[in-house]
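One structure below.
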Amino acid sequence: SINALLPARDRTTPTRPRRQSSATFELGNQFFIPLSRTLSNREAALPADLTFASALALIISLSIGSGIFSSPGLVLAHAGSVGAALGVWLIGGLLFPIMGGCCYAELGTMLPSSGGEHPYLMAAVGDLPAFLFSWTGATVTRPASVSIITLIAAEYTVRLMFYARPADEALPLWLVRTTAIVFIAILTTLNCVSTKAGTTVQNILTVLKVLSLCLIGAIGIYKLGTGAVVSGGDSLFQHSSTSPVDYALALAPALWAYDGWNNVNLVAGELRNPTRDLPRAITIGPTIVIAVYLLANIAYYAVLPTSVITASHAIAMSFGKEVFGHSGAIVIPLVVIAATLGASNASIFTGARLAHVSARAGHLPSFLGNIHARHRTPFNALVTQSALSVLFVLVGDFKSLVNFYSMIAWVFYLLAVLALMVLRRTQPGLDRPFRVWTPVAWVFLASTVFLLVTGAAGAPGEAFGAACFLVSGVPAWYIVVRKKLGWEELGSRLMAPFRRLVERLPWVAVRP
Ligand code: ARG
C-alpha cells in the first residue's frame with residue numbers, strides 16, 4: 001500500500017512483518033558487527049536529519065566527479081565542432097538533470113520516502129520492476145559507480161606521487177588499485193561512524209570543487225578577454241556532425257558527468273522537509289552544475305587547441321600544464337582528487353540507503369536493512385557495498401563500466417517517469433506538492449528511449465550484458481518475492497546441506 005512507502009514518521013500502520021526463518025542468516029549481524037548490536041529494521045528508521053544545504057551539496061557533490069575532468073574530449077570528438085560540443089553540454093544538462101529532475105521532484109514530493117526509484121515503481125507498477133531496481137542497484141550499478149569514481153581519484157593521486165614523470169607514462173596499476181581500495185575503506189568508515197561526518201566532508205569538498213571549477217572558468221574568460229581565440233575552424237559550428245548517432249555518442253559521456261542529479265530522491269525520507277527542500281535542491285543543484293560545466297568547457301577551449309582536447313583523456317591535466325606550467329602538475333590533480341573523493345563519498349552515502357530501503361521492503365536480505373545501534377547509520381549496507389566496490393576496482397575497466405552503468409541507470413529513469421504517468425491515472429488523489437508540466441515528462445521519456453536505442457547500437461556488448469543482468473533478476477524475484485520464500489529462507493535452504501555437513505563433524509557440538 002502507499003502507506004508502506006511513506007517514511008516511518010508519516011506511517012499510520014506498522015509495516016508488514018516479514019517471514020522469520022532459522023538462525024543461519026542471523027549470521028549477517030554477527031559477521032558484520034561483532035562488537036556492537038544493530039537495530040533491526042522494525043525497531044528504528046534512519047533519522048530525518050538532512051537539511052536543504054546537505055541535499056544541495058549532495059547533488060552537486062555527486063554530479064561533479066570524474067566526468068568534467070575527462071569527458072570533454074569525447075564530447076568534442078563526436079560532436080565535431082566547438083559550438084556543437086557546447087550545445088551537447090547544454091542540452092544534456094537540460095534533458096536529464098533539469099527535465100528529469102523536475103519529474104523526480106514530483107515523484108519525490110508525492111512519495112517522500114527514501115529509496116529513489118524503488119518506492120515509485122512499487123506504487124505504480126508493482127514489485128517486479130522495483131525488485132529489479134534494487135537487485136541491479138545493490139549488486140552492480142551503485143558499487144560499480146563508486147569504483148569508477150574512486151579509480152579516477154586514485155589515478156590522480158598516483159600521478160601526483162610521480163609528478164616529475166611525463167604525463168603519458170603508464171602508472172603502476174597495482175598502486176592505483178590499492179590506493180582506490182584505501183579510499184573506499186576510509187570513506188566507508190566515515191559513513192559508518194556518522195551521517196554527520198559523511199555530510200560534513202561532503203559539504204567542504206563541494207564548496208572546494210565548485211570554487212575550483214569557477215576558477216578554471218575565470219581563467220578561460222580572462223584568456224578570451226585578453227585575445228585568446230577558440231581554435232578548430234572559421235566558425236564555432238564548422239565541421240559539426242550531422243548524424244543523430246554521433247550526438248547520442250556525444251551525449252553519453254556528458255550525461256555521465258551530469259549523473260547523480262536524481263540522488264536526493266534516494267534519501268528523501270531523511271530530509272527534514274522534503275516537500276520544500278527536494279524540489280529546490282533538485283532544480284538549483286543541477287543549474288549550478290550546468291553553469292560550472294559550461295564555464296569549464298569554455299576555459300578548456302580558450303586555452304587548448306581542439307586537436308589536444310579530442311586526444312586528451314585527462315583534459316584538466318593538459319589545461320593545468322598549459323596555464324600553470326610545471327605546478328599545474330600539482331594543482332590540478334589536487335582539484336580532481338577533491339572532486340572525485342567528494343563524489344564517491346556522496347555515492348557511498350546514497351547507495352547504502354538504496355540497499356537499506358530495499359532490504360526493509362523485503363527485496364534484499366534483511367540484514368542490509370539494519371541500522372547501527374550507536375551510530376544510527378546503515379552499517380551493513382555500507383560495508384556490503386564497499387566490499388562489492390573493491391571487487392569492481394580489482395576487475396573493472398573504466399569505459400565499459402560507465403557504458404554498463406548508464407544502460408541500466410537510463411532504463412530505470414525511463415521506468416520511473418513512466419511510473420509518474422501511471423500514478424497520475426491510478427492515484428489522482430495523492431497530494432502532489434510539485435507537479436511537472438506534462439510535455440517535459442514526454443520529452444524526457446522520448447530522449448531516454450533515443451539514448452537507449454542508439455546506445456545499444458553503439459555499445460552492443462555492454463547493452464547485452466546489462467540486459468542479461470536485468471533479466472537474471474527475474475528468477476530471483478520469482479523465488480524470493482512471488483513465491484514468498486524470502487532471502488533468509490532461500491539462504492537457509494541453500495546452506496542446509498552445508499549446515500548438515502558441519503553438524504556431522506565430531507568436534508561440533510549441536511545445541512538441542
Ligand atoms: N557525475 C559523476 C562523475 O562525473 C558520476 C556519478 C555517477 N552516479 C552515481 N550515482 N554514483 O563522476
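Identifiers in the C-alpha cells: chain A, B, ... in order shown; residue index from 1 per chain; ligand index from 1 in order shown.
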Check your understanding: Can you list, as number ranges by chain, every protein, DNA or RNA residue that comes within 9 Å of stretch 62-73 of chain A when you count only C-alpha atoms, leaving out same-chain residues fewer than 4 positions away?
Key -> A: 57-58, 77-78, 85, 89, 148-150, 152-153, 206, 209-210, 253-261, 263, 286, 289, 293, 296-297, 300, 306, 308-317, 336-347
Practice item. Please report, as a ChimeraX atom specification, each residue of stretch 294-470 of chain A to which DSSP assigns alpha helix (DSSP H) when run on this structure's backbone. Key: /A:294-303,306-311,315-324,328-360,379-395,398-426,438-458,460-470
Check your understanding: Got a sec: who's within 6 Å of stretch 137-144 of chain A, counting only C-alpha atoms, leaving out chain neighbours fewer than 5 positions off, as a list in words?
Key ->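 Final neighbour list, sorted by chain and number: Gly351, Ala355, Gln385, Leu388, Ser389, Phe392 and Tyr405 of chain A.
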Check your understanding: When you draw a straight line from atom CA of A:Pro333 to atom CA of A:Val146, how long is it in Å?
Key ->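 Between atom CA of A:Pro333 and atom CA of A:Val146 the gap works out to 18.8 Å.
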Exercise for review: Enter the distance from atom CA of A:Leu278 to atom CA of A:Ala252, in Å, rounded to one decimal.
Suggested key: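 So the two atoms, atom CA of A:Leu278 and atom CA of A:Ala252, lie 25.9 Å apart.
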**Study point:** Contacts of stretch 429-438 of chain A within 6 Å, only C-alpha atoms, excl. fewer than 6 positions in-chain, as an MDAnalysis selection string
**Key:** chainID A and resid 102:103 106 110
Exercise for review: With a distance cut-off of 9 Å and only C-alpha atoms, select the neighbouring residues of A:Val390, excluding the residue or stretch itself and same-chain residues fewer than 5 positions from it, and output the selection as a list of chain:residue names.
Suggested key: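 Residues meeting the cut-off are A:Pro143, A:Ala144, A:Ser147, A:Arg177, A:Ala180, A:Ile181, A:Ile184, A:Ala185, A:Gln385, A:Val395.
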Review point. Closest to ligand 1 among A:Val502, A:Ile59, A:Val331, A:Ala124, using only C-alpha atoms and all ligand atoms?
Key: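 Counting only C-alpha atoms and all ligand atoms, the residue closest to ligand 1 is A:Ile59.
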Exercise for review: Would you kindly return, as a ChimeraX atom specification, each protein, DNA or RNA residue with an atom no farther than 7 Å from any atom of stretch 466-475 of chain A, considering only C-alpha atoms and excluding same-chain residues fewer than 4 positions away?
Suggested key: /A:132,135-136,404,407-408,462,479
Point to revise | Nearest candidate to A:Gly465 (options A:Leu215, A:Arg424, A:Leu401, A:Trp442; using only C-alpha atoms) | key: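 Residue with the minimum atom-to-atom distance to A:Gly465: A:Leu401.
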Review point. Pick from A:Ala154, A:Val335, A:Asn191, A:Lys321: nearest to A:Leu211, with only C-alpha atoms counted?
Key: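 Going through A:Ala154, A:Val335, A:Asn191, A:Lys321 one by one, the smallest distance to A:Leu211 is for A:Val335.
Taking only C-alpha atoms and all ligand atoms into account, ligand 1 lies nearest to A:Arg353 out of the set A:Arg374, A:Arg353, A:Arg504, A:Arg159.
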Check your understanding: What lies within 9 Å of A:Val193 using only C-alpha atoms, ignoring chain neighbours under 2 positions off, as number ranges by chain?
Key -> A: 188-191, 195-198, 372, 374-377, 379
Practice item. Kindly indicate which residue among A:Ala496, A:Leu354, A:Ile282, A:Val323 lies nearest to ligand 1, using only C-alpha atoms and all ligand atoms for the distances. Key: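 Looking at the shortest contact to ligand 1, the residue is A:Leu354.
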Exercise for review: May I ask which of the residues A:Ala123, A:Ala250, A:Ala457, A:Leu151 is the closest one to ligand 1, counting only C-alpha atoms and all ligand atoms?
Suggested key: A:Leu151
Check your understanding: atom CA of A:Ala55 and atom CA of A:Ala281 are how many Å apart?
Key ->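 Computing it gives 6.1 Å between the two atoms.
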